[in-house]
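Read through the structure below, which is laid out as structure tokens, and then see the notes.
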Amino acid sequence: MLLKSVKSSLLLVLIVLSQHVYATEGMWLPQLLSNLNEKEMKGMGMKINASDIYNINKGSLKDAIVSFGGFCTAEVISSQGLILTNHHCGYGSIQKHSSLENNYLENGFWAKTFAEELPNAGLTATFIVRIDDITKEATAGVTKAMSETERQSVIDQKLAEIKKSAKRESWQDVMIKPFFEGNKYYLFVTETYKDVRLVGTPPSSIGKFGSDTDNWVWPRHTGDFSMFRIYAGKDGKPAEYSKDNVPLKPKYFLPISMKGVKKDDFTMVMGFPGRTMEYLPSEAVKQTVEVLDFAKVEMRDAALKIIDGYMRKNEQIKIQYAAKFASTANYWKKWQGEMLGIKKTDGIGKKQRYEVEYNRLLNANPALKQQYAGVLDTLNALYVQINPYAQARDYYSELTKNAEIYSAIDKFLEYTDNAEKQKGNADGYAKARTDFQNTIKAFYANFNAGVDKDVFISLMDIYVNKVPEKFRDAKFNASWKKYNGDSRKLADYVYATSAFTSFDKVNALAQLPFEQMMQQAVNDPAVQLAIFLREGFANQVAPTLNALQLDINKRQRTYMKAQMDVFEGKKNFYPDANSTLRVTYGKVDGYSPKDAVEYDYYTWLDGVMEKYIPGDYEFDVPAKLIELYKKKDYGKYGVNGRMPVCFIASNHTTGGNSGSPALNAYGQLIGLNFDRTWEGTMSDINYDPSICRNIMVDIRYVLFIVDKFAGCTRLVEEMKLVN
Ligand code: ARG
Ligand code: ASP
């Protein structure tokens, strides 16, 4: 008995200790590290200073990090503007350069000289020059009495002035973003380079090894990287593409460590995380996983099952649907992991306990109590109120996204709006028509009416089942009754008579004179159905949904401020991700996904060979790689005759962090971030250090592929390797 209680109090001490030794949660603003995080980071093993990470007076780590096209992160790894990002970030560019003869997705691509590097129209790389706090100026004209809309318009006006007068060079840009739900505003001076060329990529059998089956999964064996180069004008400044542009001379580039990592090593990830919601009240977390994730997964489950069935039987359909399938499946899988992770870590209970503590502290402080009385309760109540409306929205949006006939109609209705505006102008009208033609040509190239009809049938049933009659349009309900609620009968009629099942029919419709086109369109059964559905949402759901959401936004801002005031001195706050530059830090560590299962933190090339399925589209392995494996020909990149591939750590990352550098205690590059573990994807709403891990590819695997596999030694020679 005694022993047991000693043991359990010891355990308690340990738990408390392990919670307080270090906190890996957080996506921190780089300019605030010296105040908020430096001490803790050093305690965890960091050997550099916060001023080596962010410094506006000399080259620092931040000068090696770019937002890659606005959707991923990349880092500079040579004095000649060479940048590293993920294969899945470069995918679109690689695809555009690929053809049947030169299939770079399939075979990889390596430029042997600067001249062979391939330009990518529209692709950008953005550096952060400086970050300023402008909260005071931005909110100077705001008063308590203002409504949300008034408040926003006063702020917007101020922001426009601030932006105009901000100090910057002629080639720089200024961007302002709200933080902490609008409690803070920061201004970013940026430099955007517009000539970013493809330098190299491994074949998909390395860069996308494991594909959808392994997506979000640990243990992982993907060499998810590609390389680009930033080009500048002769003056070193951003310039539009020109063959006379020169490789960028960066302010800073990352040295590369050949040492690798071991358990508990300090790691840091810098990049541009897209969106998180860490400060929601418990009812919102509950709603996210129990209602909204559930609804979206339910719809996508049905759609993906049907598409998968067709893709397995039909090669043509497989090609048409592969990219769409991957993108639908990406978040479908992520949301399931989120539901699981919240359950496993009692995420809702954790929030509720946090709220009990918040209330205790609030009630102990008369001034704060007066200022924030009822804020949290009202917010939680509002989330309960918005619940059915948000659920109806998600079923509606998943229906119209996945049954693609609705997307085709959306595009058509957009075209009729454009055409109507151009009615008096023959050239403008012709242009609107050609634009539409191009859009739908691309759309129907990857559309199969049989597949779509089956998706339609299946999703319609779920929609009607889950969205109450009062949230649907009366005309929709009437026609549903007309078909006795038989979605197959409805689909038989719609897909047999609508013009929106093929390019030729839609194109013919678009060629008609405007009035005639509209006449036919309104009689098209798919258009009618789409309009009924849309009206149902617009009239029965959106007004209440939007009003409640506006109210929630305002109170969420107050609750954010309240949390910061109530926990002042007890807890540091980091702002939710909003696609701005952040630093997150953690430690190399495995985890336990379920009872009796322990995951190690490293994977090896042996694991690639274990997963190898000859000829499989997800798990094939290139012959050259097998040969290198058999000979253990790893050059200077192997470790005791083995080749490391991926590793995990407790860095707090999210979508947009793909391509971010993983750095060691000295700020040297050790890996490339590309994913998270499935059970830990709930880190977007409730990070938990016990199971939240980010997945990185070991930099030595990257170099091994570039050097030994592809023989592109010239690239490795540009880099600065340190032992
Ligand atoms: N899950 C990763 C992210 O959210 C990788 C997605 C790309 N890979 C894939 N198999 N779809 O972006
Ligand atoms: N795979 C994600 C990305 O592309 C990263 C993540 O969600 O962890 O940004």
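To be explicit about the labels: the chains of the structure tokens are called A, B, and onward in the order shown, and within each one the residues are counted from 1, while ligands get numbers from 1 in the order they are shown.
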> Residues at most 8 Å from ligand 2, using only C-alpha atoms and all ligand atoms? Could they come as JSON, numbers by chain?
Replying inline: {"A": [71, 72, 88, 89, 216, 273, 274, 653, 654, 655, 656, 657, 658, 659, 673, 674, 675, 676, 681, 694, 695]}
With N, CA and C atoms retained, write the just-selected residues as a PDB file, in the first residue's frame.
```pdb
ATOM      1  N   PHE A  71       2.309  28.226 -50.672  1.00  0.00           N
ATOM      2  CA  PHE A  71       1.632  27.040 -50.136  1.00  0.00           C
ATOM      3  C   PHE A  71       2.566  26.078 -49.410  1.00  0.00           C
ATOM      4  N   CYS A  72       3.863  26.273 -49.536  1.00  0.00           N
ATOM      5  CA  CYS A  72       4.828  25.394 -48.857  1.00  0.00           C
ATOM      6  C   CYS A  72       5.994  26.251 -48.376  1.00  0.00           C
ATOM      7  N   HIS A  88       6.276  16.736 -52.945  1.00  0.00           N
ATOM      8  CA  HIS A  88       4.846  17.046 -53.102  1.00  0.00           C
ATOM      9  C   HIS A  88       4.587  18.542 -53.201  1.00  0.00           C
ATOM     10  N   CYS A  89       5.570  19.373 -52.849  1.00  0.00           N
ATOM     11  CA  CYS A  89       5.435  20.823 -53.039  1.00  0.00           C
ATOM     12  C   CYS A  89       5.834  21.211 -54.464  1.00  0.00           C
ATOM     13  N   TRP A 216       0.493  10.341 -44.085  1.00  0.00           N
ATOM     14  CA  TRP A 216       0.198  10.566 -42.651  1.00  0.00           C
ATOM     15  C   TRP A 216       0.622   9.378 -41.790  1.00  0.00           C
ATOM     16  N   PRO A 273       3.576  27.765 -41.470  1.00  0.00           N
ATOM     17  CA  PRO A 273       2.384  26.964 -41.170  1.00  0.00           C
ATOM     18  C   PRO A 273       1.104  27.716 -41.553  1.00  0.00           C
ATOM     19  N   GLY A 274       0.131  26.987 -42.106  1.00  0.00           N
ATOM     20  CA  GLY A 274      -1.041  27.634 -42.698  1.00  0.00           C
ATOM     21  C   GLY A 274      -2.137  28.030 -41.730  1.00  0.00           C
ATOM     22  N   THR A 653       3.925  21.277 -35.975  1.00  0.00           N
ATOM     23  CA  THR A 653       3.835  21.746 -37.367  1.00  0.00           C
ATOM     24  C   THR A 653       2.434  21.564 -37.912  1.00  0.00           C
ATOM     25  N   THR A 654       2.172  22.156 -39.063  1.00  0.00           N
ATOM     26  CA  THR A 654       0.885  21.928 -39.726  1.00  0.00           C
ATOM     27  C   THR A 654       1.045  22.102 -41.235  1.00  0.00           C
ATOM     28  N   GLY A 655      -0.049  21.982 -41.984  1.00  0.00           N
ATOM     29  CA  GLY A 655      -0.023  22.162 -43.430  1.00  0.00           C
ATOM     30  C   GLY A 655       0.600  23.509 -43.782  1.00  0.00           C
ATOM     31  N   GLY A 656       1.546  23.511 -44.725  1.00  0.00           N
ATOM     32  CA  GLY A 656       2.276  24.737 -45.051  1.00  0.00           C
ATOM     33  C   GLY A 656       3.706  24.612 -44.550  1.00  0.00           C
ATOM     34  N   ASN A 657       3.885  23.792 -43.490  1.00  0.00           N
ATOM     35  CA  ASN A 657       5.231  23.497 -42.996  1.00  0.00           C
ATOM     36  C   ASN A 657       5.949  22.489 -43.884  1.00  0.00           C
ATOM     37  N   SER A 658       5.255  21.955 -44.869  1.00  0.00           N
ATOM     38  CA  SER A 658       5.923  21.031 -45.768  1.00  0.00           C
ATOM     39  C   SER A 658       7.064  21.738 -46.470  1.00  0.00           C
ATOM     40  N   GLY A 659       8.221  21.089 -46.486  1.00  0.00           N
ATOM     41  CA  GLY A 659       9.394  21.695 -47.093  1.00  0.00           C
ATOM     42  C   GLY A 659      10.224  22.481 -46.090  1.00  0.00           C
ATOM     43  N   ASN A 673      11.122  18.678 -43.331  1.00  0.00           N
ATOM     44  CA  ASN A 673       9.789  18.322 -42.839  1.00  0.00           C
ATOM     45  C   ASN A 673       8.834  18.022 -43.996  1.00  0.00           C
ATOM     46  N   PHE A 674       7.999  16.977 -43.864  1.00  0.00           N
ATOM     47  CA  PHE A 674       6.991  16.783 -44.918  1.00  0.00           C
ATOM     48  C   PHE A 674       5.647  16.256 -44.462  1.00  0.00           C
ATOM     49  N   ASP A 675       5.508  15.818 -43.231  1.00  0.00           N
ATOM     50  CA  ASP A 675       4.209  15.258 -42.841  1.00  0.00           C
ATOM     51  C   ASP A 675       4.125  15.159 -41.323  1.00  0.00           C
ATOM     52  N   ARG A 676       2.981  14.669 -40.843  1.00  0.00           N
ATOM     53  CA  ARG A 676       2.829  14.367 -39.421  1.00  0.00           C
ATOM     54  C   ARG A 676       2.323  12.939 -39.272  1.00  0.00           C
ATOM     55  N   THR A 681      -2.498  14.288 -35.796  1.00  0.00           N
ATOM     56  CA  THR A 681      -2.936  15.413 -36.638  1.00  0.00           C
ATOM     57  C   THR A 681      -3.894  16.335 -35.898  1.00  0.00           C
ATOM     58  N   ASN A 694       6.156  15.311 -35.901  1.00  0.00           N
ATOM     59  CA  ASN A 694       6.304  15.691 -37.313  1.00  0.00           C
ATOM     60  C   ASN A 694       7.272  14.704 -37.964  1.00  0.00           C
ATOM     61  N   ILE A 695       7.080  14.481 -39.263  1.00  0.00           N
ATOM     62  CA  ILE A 695       7.919  13.511 -39.977  1.00  0.00           C
ATOM     63  C   ILE A 695       8.874  14.259 -40.906  1.00  0.00           C
TER      64      ILE A 695
END
```
>> Please return, as a VMD selection string, all residues of segment 558-651 of chain A that DSSP assigns to strand (DSSP E or B) on the basis of the backbone.
In response: chain A and resid 582 to 588 591 to 594 597 to 599 602 to 604 639 642 644 to 649
Next, the residues of the selection above should be written as an mmCIF file, in the first residue's frame with N, CA and C atoms.
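File result00.cif, as written:
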```cif
data_model
loop_
_atom_site.group_PDB
_atom_site.id
_atom_site.type_symbol
_atom_site.label_atom_id
_atom_site.label_comp_id
_atom_site.auth_asym_id
_atom_site.auth_seq_id
_atom_site.Cartn_x
_atom_site.Cartn_y
_atom_site.Cartn_z
ATOM 1 N N ARG A 582 7.186 31.101 -38.756
ATOM 2 C CA ARG A 582 7.179 30.665 -37.360
ATOM 3 C C ARG A 582 8.338 29.717 -37.084
ATOM 4 N N VAL A 583 8.635 29.620 -35.799
ATOM 5 C CA VAL A 583 9.649 28.677 -35.344
ATOM 6 C C VAL A 583 8.985 27.734 -34.346
ATOM 7 N N THR A 584 9.195 26.446 -34.528
ATOM 8 C CA THR A 584 8.719 25.490 -33.539
ATOM 9 C C THR A 584 9.893 24.610 -33.155
ATOM 10 N N TYR A 585 9.918 24.170 -31.894
ATOM 11 C CA TYR A 585 11.055 23.350 -31.479
ATOM 12 C C TYR A 585 10.593 22.178 -30.631
ATOM 13 N N GLY A 586 11.373 21.127 -30.680
ATOM 14 C CA GLY A 586 11.007 19.922 -29.946
ATOM 15 C C GLY A 586 12.198 19.009 -29.833
ATOM 16 N N LYS A 587 11.918 17.740 -29.584
ATOM 17 C CA LYS A 587 13.000 16.768 -29.423
ATOM 18 C C LYS A 587 12.733 15.529 -30.257
ATOM 19 N N VAL A 588 13.799 14.916 -30.705
ATOM 20 C CA VAL A 588 13.693 13.664 -31.447
ATOM 21 C C VAL A 588 13.145 12.598 -30.498
ATOM 22 N N TYR A 591 7.030 7.331 -30.222
ATOM 23 C CA TYR A 591 5.792 7.448 -29.456
ATOM 24 C C TYR A 591 5.058 6.114 -29.456
ATOM 25 N N SER A 592 4.021 6.058 -28.624
ATOM 26 C CA SER A 592 3.221 4.837 -28.556
ATOM 27 C C SER A 592 1.832 5.122 -29.118
ATOM 28 N N PRO A 593 1.528 4.600 -30.311
ATOM 29 C CA PRO A 593 0.238 4.900 -30.939
ATOM 30 C C PRO A 593 -0.908 4.159 -30.278
ATOM 31 N N LYS A 594 -0.642 2.988 -29.734
ATOM 32 C CA LYS A 594 -1.675 2.252 -29.007
ATOM 33 C C LYS A 594 -1.038 1.264 -28.057
ATOM 34 N N VAL A 597 2.177 -1.043 -28.384
ATOM 35 C CA VAL A 597 2.938 -0.710 -29.593
ATOM 36 C C VAL A 597 3.818 0.504 -29.321
ATOM 37 N N GLU A 598 5.107 0.362 -29.608
ATOM 38 C CA GLU A 598 6.054 1.478 -29.454
ATOM 39 C C GLU A 598 6.669 1.788 -30.809
ATOM 40 N N TYR A 599 6.687 3.026 -31.211
ATOM 41 C CA TYR A 599 7.335 3.384 -32.464
ATOM 42 C C TYR A 599 8.725 3.956 -32.209
ATOM 43 N N TYR A 602 13.387 6.348 -35.887
ATOM 44 C CA TYR A 602 14.155 6.345 -37.129
ATOM 45 C C TYR A 602 13.697 5.267 -38.099
ATOM 46 N N THR A 603 13.773 5.531 -39.399
ATOM 47 C CA THR A 603 13.588 4.444 -40.374
ATOM 48 C C THR A 603 14.831 4.372 -41.267
ATOM 49 N N TRP A 604 15.005 3.217 -41.915
ATOM 50 C CA TRP A 604 16.207 2.933 -42.695
ATOM 51 C C TRP A 604 15.844 2.421 -44.078
ATOM 52 N N VAL A 639 25.493 5.141 -42.360
ATOM 53 C CA VAL A 639 25.906 5.053 -40.970
ATOM 54 C C VAL A 639 26.146 3.582 -40.649
ATOM 55 N N ARG A 642 24.472 1.251 -42.979
ATOM 56 C CA ARG A 642 23.030 1.402 -43.190
ATOM 57 C C ARG A 642 22.719 2.821 -43.636
ATOM 58 N N PRO A 644 20.112 5.856 -43.320
ATOM 59 C CA PRO A 644 18.931 6.416 -42.638
ATOM 60 C C PRO A 644 17.976 7.043 -43.652
ATOM 61 N N VAL A 645 16.673 7.000 -43.401
ATOM 62 C CA VAL A 645 15.708 7.574 -44.348
ATOM 63 C C VAL A 645 14.862 8.685 -43.710
ATOM 64 N N CYS A 646 14.039 8.353 -42.704
ATOM 65 C CA CYS A 646 13.188 9.381 -42.088
ATOM 66 C C CYS A 646 13.322 9.354 -40.569
ATOM 67 N N PHE A 647 12.916 10.421 -39.912
ATOM 68 C CA PHE A 647 12.849 10.429 -38.445
ATOM 69 C C PHE A 647 11.730 11.345 -37.975
ATOM 70 N N ILE A 648 11.355 11.197 -36.711
ATOM 71 C CA ILE A 648 10.269 12.009 -36.161
ATOM 72 C C ILE A 648 10.724 12.739 -34.901
ATOM 73 N N ALA A 649 10.016 13.829 -34.591
ATOM 74 C CA ALA A 649 10.296 14.609 -33.387
ATOM 75 C C ALA A 649 9.016 15.329 -32.976
#
```
> Residues at most 9 Å from Asn402 of chain A, counting only C-alpha atoms, excluding those fewer than 5 positions away in the same chain, as a list in words?
Replying inline: Met299, Arg300, Ala303, Thr328, Ser397, Ser407, Asp452, Val455, Phe456 and Leu459 of chain A
At most 7 Å is the cut-off: for each residue in segment 252-321 of chain A with any atom that close to an atom of segment 344-353 of chain A, write down the nearest atom pair and the distance in Å rounded to one decimal, counting only C-alpha atoms, chain first then increasing number, as JSON lines.
```
{"residue": "A:Pro281", "atom": "CA", "partner": "A:Lys351", "partner_atom": "CA", "distance": 6.9}
{"residue": "A:Ser282", "atom": "CA", "partner": "A:Lys351", "partner_atom": "CA", "distance": 5.2}
{"residue": "A:Val285", "atom": "CA", "partner": "A:Ile348", "partner_atom": "CA", "distance": 6.5}
{"residue": "A:Lys286", "atom": "CA", "partner": "A:Ile348", "partner_atom": "CA", "distance": 6.2}
```
Would you put the residues from that selection into a file with C-alpha atoms, as a compact mmCIF listing (two decimals), in the first residue's frame?
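Listing of again_11.txt after writing:
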```
# COMPACT_ATOMS: atom_id res chain seq x y z
CA PRO A 281 -13.50 26.48 -26.24
CA SER A 282 -14.36 22.86 -25.45
CA VAL A 285 -13.39 21.09 -30.20
CA LYS A 286 -16.23 18.70 -29.55
```
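For the atom pair formed by atom CA of Val527 of chain A and atom CA of Leu304 of chain A, the distance is 24.3 Å, given to one decimal.
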Might you pull out every residue within 6 Å of Thr677 of chain A, with only C-alpha atoms counted and same-chain residues fewer than 2 positions away left off, and present them as a PDB file with all heavy atoms, in the first residue's frame?
```pdb
ATOM      1  N   TRP A 216       0.493  10.341 -44.085  1.00  0.00           N
ATOM      2  CA  TRP A 216       0.198  10.566 -42.651  1.00  0.00           C
ATOM      3  C   TRP A 216       0.622   9.378 -41.790  1.00  0.00           C
ATOM      4  O   TRP A 216       0.152   9.264 -40.660  1.00  0.00           O
ATOM      5  CB  TRP A 216      -1.302  10.795 -42.396  1.00  0.00           C
ATOM      6  CG  TRP A 216      -1.921  11.949 -43.082  1.00  0.00           C
ATOM      7  CD1 TRP A 216      -2.859  11.879 -44.079  1.00  0.00           C
ATOM      8  CD2 TRP A 216      -1.727  13.351 -42.819  1.00  0.00           C
ATOM      9  NE1 TRP A 216      -3.244  13.142 -44.460  1.00  0.00           N
ATOM     10  CE2 TRP A 216      -2.580  14.057 -43.706  1.00  0.00           C
ATOM     11  CE3 TRP A 216      -0.928  14.060 -41.922  1.00  0.00           C
ATOM     12  CZ2 TRP A 216      -2.635  15.446 -43.730  1.00  0.00           C
ATOM     13  CZ3 TRP A 216      -0.993  15.455 -41.940  1.00  0.00           C
ATOM     14  CH2 TRP A 216      -1.840  16.118 -42.844  1.00  0.00           C
ATOM     15  N   VAL A 217       1.441   8.502 -42.298  1.00  0.00           N
ATOM     16  CA  VAL A 217       1.708   7.283 -41.547  1.00  0.00           C
ATOM     17  C   VAL A 217       3.176   7.193 -41.109  1.00  0.00           C
ATOM     18  O   VAL A 217       4.084   7.588 -41.832  1.00  0.00           O
ATOM     19  CB  VAL A 217       1.322   6.040 -42.392  1.00  0.00           C
ATOM     20  CG1 VAL A 217       1.924   4.771 -41.816  1.00  0.00           C
ATOM     21  CG2 VAL A 217      -0.200   5.908 -42.467  1.00  0.00           C
ATOM     22  N   TRP A 218       3.377   6.728 -39.932  1.00  0.00           N
ATOM     23  CA  TRP A 218       4.682   6.348 -39.421  1.00  0.00           C
ATOM     24  C   TRP A 218       4.628   4.869 -39.119  1.00  0.00           C
ATOM     25  O   TRP A 218       3.597   4.420 -38.654  1.00  0.00           O
ATOM     26  CB  TRP A 218       5.020   7.163 -38.157  1.00  0.00           C
ATOM     27  CG  TRP A 218       6.385   6.865 -37.646  1.00  0.00           C
ATOM     28  CD1 TRP A 218       6.708   6.129 -36.541  1.00  0.00           C
ATOM     29  CD2 TRP A 218       7.626   7.299 -38.223  1.00  0.00           C
ATOM     30  NE1 TRP A 218       8.066   6.072 -36.399  1.00  0.00           N
ATOM     31  CE2 TRP A 218       8.652   6.784 -37.428  1.00  0.00           C
ATOM     32  CE3 TRP A 218       7.952   8.068 -39.342  1.00  0.00           C
ATOM     33  CZ2 TRP A 218       9.993   7.000 -37.703  1.00  0.00           C
ATOM     34  CZ3 TRP A 218       9.283   8.277 -39.623  1.00  0.00           C
ATOM     35  CH2 TRP A 218      10.294   7.750 -38.807  1.00  0.00           C
ATOM     36  N   GLU A 679      -2.097   9.810 -35.846  1.00  0.00           N
ATOM     37  CA  GLU A 679      -2.800  10.009 -34.575  1.00  0.00           C
ATOM     38  C   GLU A 679      -2.536  11.400 -34.012  1.00  0.00           C
ATOM     39  O   GLU A 679      -3.235  11.842 -33.100  1.00  0.00           O
ATOM     40  CB  GLU A 679      -2.351   8.973 -33.536  1.00  0.00           C
ATOM     41  CG  GLU A 679      -2.481   7.528 -33.963  1.00  0.00           C
ATOM     42  CD  GLU A 679      -1.252   7.025 -34.741  1.00  0.00           C
ATOM     43  OE1 GLU A 679      -0.370   7.840 -35.078  1.00  0.00           O
ATOM     44  OE2 GLU A 679      -1.189   5.808 -35.009  1.00  0.00           O
ATOM     45  N   GLY A 680      -1.526  12.074 -34.534  1.00  0.00           N
ATOM     46  CA  GLY A 680      -1.160  13.365 -33.980  1.00  0.00           C
ATOM     47  C   GLY A 680      -1.663  14.552 -34.784  1.00  0.00           C
ATOM     48  O   GLY A 680      -1.336  15.696 -34.484  1.00  0.00           O
ATOM     49  N   ARG A 693       3.761  14.144 -33.521  1.00  0.00           N
ATOM     50  CA  ARG A 693       5.115  14.085 -34.095  1.00  0.00           C
ATOM     51  C   ARG A 693       5.089  14.599 -35.528  1.00  0.00           C
ATOM     52  O   ARG A 693       4.154  14.325 -36.286  1.00  0.00           O
ATOM     53  CB  ARG A 693       5.627  12.632 -34.140  1.00  0.00           C
ATOM     54  CG  ARG A 693       5.769  11.946 -32.802  1.00  0.00           C
ATOM     55  CD  ARG A 693       6.924  12.498 -31.963  1.00  0.00           C
ATOM     56  NE  ARG A 693       6.992  11.862 -30.668  1.00  0.00           N
ATOM     57  CZ  ARG A 693       6.324  12.290 -29.588  1.00  0.00           C
ATOM     58  NH1 ARG A 693       5.566  13.366 -29.641  1.00  0.00           N
ATOM     59  NH2 ARG A 693       6.435  11.646 -28.441  1.00  0.00           N
TER      60      ARG A 693
END
```
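Proximity to Tyr463 of chain A at 8 Å, evaluated using only C-alpha atoms and with sequence-adjacent residues fewer than 6 positions away removed, yields Tyr395, Tyr396 and Leu399 of chain A.
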Next, write the just-selected residues to a file, as a JSON list (two decimals), in the first residue's frame, keeping C-alpha atoms as the atom set.
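Contents of out_3.json, as written:
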```json
[["chain", "number", "residue", "atom", "x", "y", "z"],
["A", 395, "TYR", "CA", -22.74, 18.16, -45.80],
["A", 396, "TYR", "CA", -23.75, 20.62, -48.48],
["A", 399, "LEU", "CA", -21.90, 16.98, -51.66]]
```
